[in-house]
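Colleague: Structure provided below as structure tokens; questions to follow.
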Amino acid sequence: MKQIMIIISMGLALSSCQWFNNKKQKNKEPEKALTYFCPMPQDSVWSYHPGDCPKCGMALVKVTESSGNTEVSLDDLLKPTNQYVVSNIPVIGYQKANKEILLSSLGSIAYDTRYEGSIAARISGRIERLYVRYRYQSVEKGAKIMDIYSPEIMTAQQNLVFLLKNDPKNTVFIAAAKTKLLLLGMDGTALEDLIKTLNPKATISVYSNYSGHIHEAGNGSQMQREPGIMKDIAQQTEELSLKEGMYVQKESTVFQVLNPDKAWAVLNLWADQVALVKKGNPVEISPETAPDKHFQATIDFVEPFFRKDSKTQTVRVFFNNQSLKIPIGSQVKAQIHVSTGQANWLPKDALISLGMDKMVFKKELSGFRAWKVQTGIEHGNLIQIIAGLKETDSVATNAQYLMDSESFINTKQ
């Protein structure tokens, strides 16, 4: 009887252990696999759950299970690796995102031609005296530029003096004579002096109505240039072509005045940057001659054409150069803040450059096929995909690996 009781107790104990193990196994949570990874190969970040990469901030991508190589044909295996590759490496699809990026550009400082002034001769005559002696001479508004001898101005003054002496009550004719002298270019001070002294002069002075630098007519902001560097330099540094004793024609422009305090930065954009830059984009400009004088502004004008013999489009940034004093013609570097809008992005490692063409390895049932895509701008470790892929397509995360390695190709046993 005692032996029977011992056997029953041992059976109960074994049953209890088996029940405990089954319950423990039933309550045990199945182990999870690291199924999410960062598309940037250099980060090597894996996770159990979806989210953002703690290193680069990109969204983690779920690993796509391979369908196996059981249906791989011999024809596929014999293709070169730059066309078709059998592999089970991770894949990724492009991501839609709006990126705020900086575009680098080069340019130069130029005169703002909106403030360009012209000095013209209102009468025909001979230059008696020239007060401007060299190119780019600084002049102020109201400064005397030259004296012109003209029989026409002499005759007009004599008519006014005759009326003042012989018919002072004929106010209508006197007013008409004064107006004619003003239209011929005589300033108000000289007219008052003539009325007081009644002494006509055969010369008339021409004054500048603008402040800035003197340029000869036709050689202002768009300076005429002859072929050859030495000729260009000579043209800018030689003496003025206009000299005392020369004759000028009525209404002809003899000088242009450009103000260096009113300038613009002319920036050049490459073809892939043109679509992103718009009027109003913020820009940071740094002159190479004075990096400490960098300033912030906005794009004010986008030229709607490509200049002759140039592969770049030009944008203008207007700014006040009065305090900066950046020399005209200085080279500048610029950083333009632009928004890409909703664009498609892939890591650069997912693409291979073949000169003018860009390739990816697109995932297919039995492996990867070399696939041509059209790309846009680059931003950090990302590159924009313009065409060639659908939203459902997946590509190898490291295209260069598939190009360089052949040891992973699976063959049928």
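As shown in the structure tokens, the chain order sets the letters A, B, ...; within each chain, residues go from 1, and ligands are also counted from 1 in the order they appear.
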So that each row is one residue of segment 75-192 of chain A with an atom at most 10 Å from segment 319-327 of chain A, can you give its shortest atom pair and the distance in Å to one decimal, using only C-alpha atoms, rows by chain and rising number, as JSON lines?

Modeller:
```
{"residue": "A:Ser108", "atom": "CA", "partner": "A:Pro327", "partner_atom": "CA", "distance": 9.8}
{"residue": "A:Ile109", "atom": "CA", "partner": "A:Pro327", "partner_atom": "CA", "distance": 7.4}
{"residue": "A:Ala110", "atom": "CA", "partner": "A:Pro327", "partner_atom": "CA", "distance": 8.8}
{"residue": "A:Tyr111", "atom": "CA", "partner": "A:Asn321", "partner_atom": "CA", "distance": 9.8}
{"residue": "A:Asp112", "atom": "CA", "partner": "A:Phe319", "partner_atom": "CA", "distance": 8.8}
```

Colleague: Skipping near chain neighbours, those fewer than 3 positions away, what residues fall within 9 Å of Lys372 of chain A using only C-alpha atoms, listed as a VMD selection string?

Modeller: chain A and resid 357 to 361 388 to 389

Colleague: Using only C-alpha atoms, determine which residues lie at most 9 Å from segment 92-105 of chain A, disregarding the query and same-chain residues fewer than 4 positions distant; provide the list as a PyMOL selection string.

Modeller: chain A and resi 39+59+61-64+267-270+273+277+283+332-347+350+379+385+389-397

Colleague: Distance atom CA of Phe301 of chain A-atom CA of Arg316 of chain A, one decimal place?

Modeller: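 Atom CA of Arg316 of chain A lies at a distance of 5.1 Å from atom CA of Phe301 of chain A.
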
Colleague: How far is it from atom CA of Ile386 of chain A to atom CA of Val373 of chain A, in Å with one decimal?

Modeller: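 We find that atom CA of Ile386 of chain A and atom CA of Val373 of chain A lie 7.6 Å from each other.
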
Colleague: Which of these, A:Ile204, A:Ala143, A:Leu106, A:Leu194, has the shortest distance to Ser330 of chain A once you count only C-alpha atoms?

Modeller: A:Leu106

Colleague: Between A:Lys311, A:Gln374, A:Lys362, A:Ala177, which has the minimum distance to Val91 of chain A (counting only C-alpha atoms)?

Modeller: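 When distances to Val91 of chain A are compared using only C-alpha atoms, the smallest one comes from A:Lys362.
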
Colleague: Looking at only C-alpha atoms, which of A:Ala399, A:Ala265, A:Leu198, A:Val132 is the one that sits closest to Lys363 of chain A?

Modeller: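 Distance minimum relative to Lys363 of chain A lands on A:Ala399.
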
Colleague: So which one's closest to Thr155 of chain A, A:Lys55, A:Arg114, A:Lys250, A:Lys201? Using only C-alpha atoms, please.

Modeller: A:Lys201

Colleague: For a test of reading the model, state the distance in Å between atom CA of Gln256 of chain A and atom CA of Ala217 of chain A, rounded to one decimal.

Modeller: 5.6 Å

Colleague: When DSSP works through the backbone of this structure, what residues of segment 189-404 of chain A end up as helix (DSSP H, G or I), shown as a ChimeraX atom specification?

Modeller: /A:189-197,229-237,271-274,291-293,348-350,399-404

Colleague: Any chance you could export the current selection's N, CA and C atoms as a tab-separated table (two decimals), in the first residue's frame?

Modeller:
```tsv
chain	number	residue	atom	x	y	z
A	189	THR	N	20.63	129.98	-61.70
A	189	THR	CA	21.59	130.96	-61.18
A	189	THR	C	22.20	131.78	-62.31
A	190	ALA	N	22.58	131.12	-63.40
A	190	ALA	CA	23.17	131.84	-64.53
A	190	ALA	C	22.14	132.77	-65.18
A	191	LEU	N	20.86	132.36	-65.20
A	191	LEU	CA	19.82	133.20	-65.78
A	191	LEU	C	19.61	134.47	-64.93
A	192	GLU	N	19.60	134.32	-63.62
A	192	GLU	CA	19.46	135.50	-62.76
A	192	GLU	C	20.65	136.44	-62.91
A	193	ASP	N	21.84	135.89	-63.06
A	193	ASP	CA	23.02	136.73	-63.25
A	193	ASP	C	22.95	137.50	-64.57
A	194	LEU	N	22.41	136.84	-65.63
A	194	LEU	CA	22.25	137.53	-66.91
A	194	LEU	C	21.27	138.69	-66.80
A	195	ILE	N	20.17	138.48	-66.07
A	195	ILE	CA	19.17	139.54	-65.92
A	195	ILE	C	19.74	140.74	-65.16
A	196	LYS	N	20.60	140.47	-64.19
A	196	LYS	CA	21.19	141.55	-63.40
A	196	LYS	C	22.26	142.31	-64.19
A	197	THR	N	23.13	141.58	-64.85
A	197	THR	CA	24.29	142.20	-65.52
A	197	THR	C	23.99	142.62	-66.95
A	229	ILE	N	42.63	90.33	-73.58
A	229	ILE	CA	42.66	90.89	-72.23
A	229	ILE	C	43.36	92.24	-72.21
A	230	MET	N	44.49	92.36	-72.91
A	230	MET	CA	45.25	93.60	-72.89
A	230	MET	C	44.45	94.74	-73.49
A	231	LYS	N	43.69	94.47	-74.52
A	231	LYS	CA	42.87	95.52	-75.11
A	231	LYS	C	41.77	95.95	-74.15
A	232	ASP	N	41.21	95.00	-73.42
A	232	ASP	CA	40.18	95.34	-72.42
A	232	ASP	C	40.75	96.28	-71.37
A	233	ILE	N	41.94	95.95	-70.88
A	233	ILE	CA	42.58	96.78	-69.85
A	233	ILE	C	42.88	98.16	-70.38
A	234	ALA	N	43.40	98.22	-71.61
A	234	ALA	CA	43.73	99.51	-72.21
A	234	ALA	C	42.50	100.38	-72.38
A	235	GLN	N	41.41	99.77	-72.76
A	235	GLN	CA	40.19	100.53	-72.97
A	235	GLN	C	39.69	101.15	-71.68
A	236	GLN	N	39.90	100.49	-70.56
A	236	GLN	CA	39.42	100.99	-69.28
A	236	GLN	C	40.35	102.03	-68.67
A	237	THR	N	41.64	101.98	-69.00
A	237	THR	CA	42.59	102.85	-68.33
A	237	THR	C	43.09	104.00	-69.20
A	271	ALA	N	21.49	74.65	-64.64
A	271	ALA	CA	20.18	74.25	-65.17
A	271	ALA	C	19.34	73.51	-64.13
A	272	ASP	N	19.96	72.65	-63.30
A	272	ASP	CA	19.18	71.89	-62.33
A	272	ASP	C	18.77	72.72	-61.12
A	273	GLN	N	19.28	73.97	-61.02
A	273	GLN	CA	18.91	74.84	-59.91
A	273	GLN	C	17.81	75.83	-60.29
A	274	VAL	N	17.62	76.04	-61.59
A	274	VAL	CA	16.73	77.10	-62.06
A	274	VAL	C	15.31	76.91	-61.55
A	291	PRO	N	35.35	88.97	-46.94
A	291	PRO	CA	34.42	87.98	-46.38
A	291	PRO	C	33.69	88.48	-45.14
A	292	ASP	N	34.28	89.45	-44.43
A	292	ASP	CA	33.64	89.96	-43.22
A	292	ASP	C	32.44	90.85	-43.53
A	293	LYS	N	32.27	91.23	-44.80
A	293	LYS	CA	31.16	92.09	-45.19
A	293	LYS	C	30.00	91.29	-45.78
A	348	LYS	N	22.22	58.34	-51.70
A	348	LYS	CA	23.17	58.34	-52.81
A	348	LYS	C	23.77	56.96	-53.04
A	349	ASP	N	23.91	56.17	-51.97
A	349	ASP	CA	24.51	54.84	-52.12
A	349	ASP	C	23.64	53.91	-52.94
A	350	ALA	N	22.37	54.26	-53.12
A	350	ALA	CA	21.48	53.40	-53.89
A	350	ALA	C	21.64	53.63	-55.40
A	399	ALA	N	23.96	50.06	-54.19
A	399	ALA	CA	24.11	49.63	-55.58
A	399	ALA	C	25.56	49.30	-55.92
A	400	GLN	N	26.49	49.99	-55.30
A	400	GLN	CA	27.90	49.75	-55.60
A	400	GLN	C	28.32	48.34	-55.19
A	401	TYR	N	27.73	47.83	-54.14
A	401	TYR	CA	28.03	46.48	-53.69
A	401	TYR	C	27.63	45.45	-54.75
A	402	LEU	N	26.49	45.68	-55.36
A	402	LEU	CA	26.05	44.75	-56.40
A	402	LEU	C	26.91	44.86	-57.66
A	403	MET	N	27.49	46.03	-57.89
A	403	MET	CA	28.36	46.19	-59.05
A	403	MET	C	29.70	45.52	-58.85
A	404	ASP	N	30.25	45.60	-57.61
A	404	ASP	CA	31.63	45.18	-57.38
A	404	ASP	C	31.78	43.72	-56.98
```
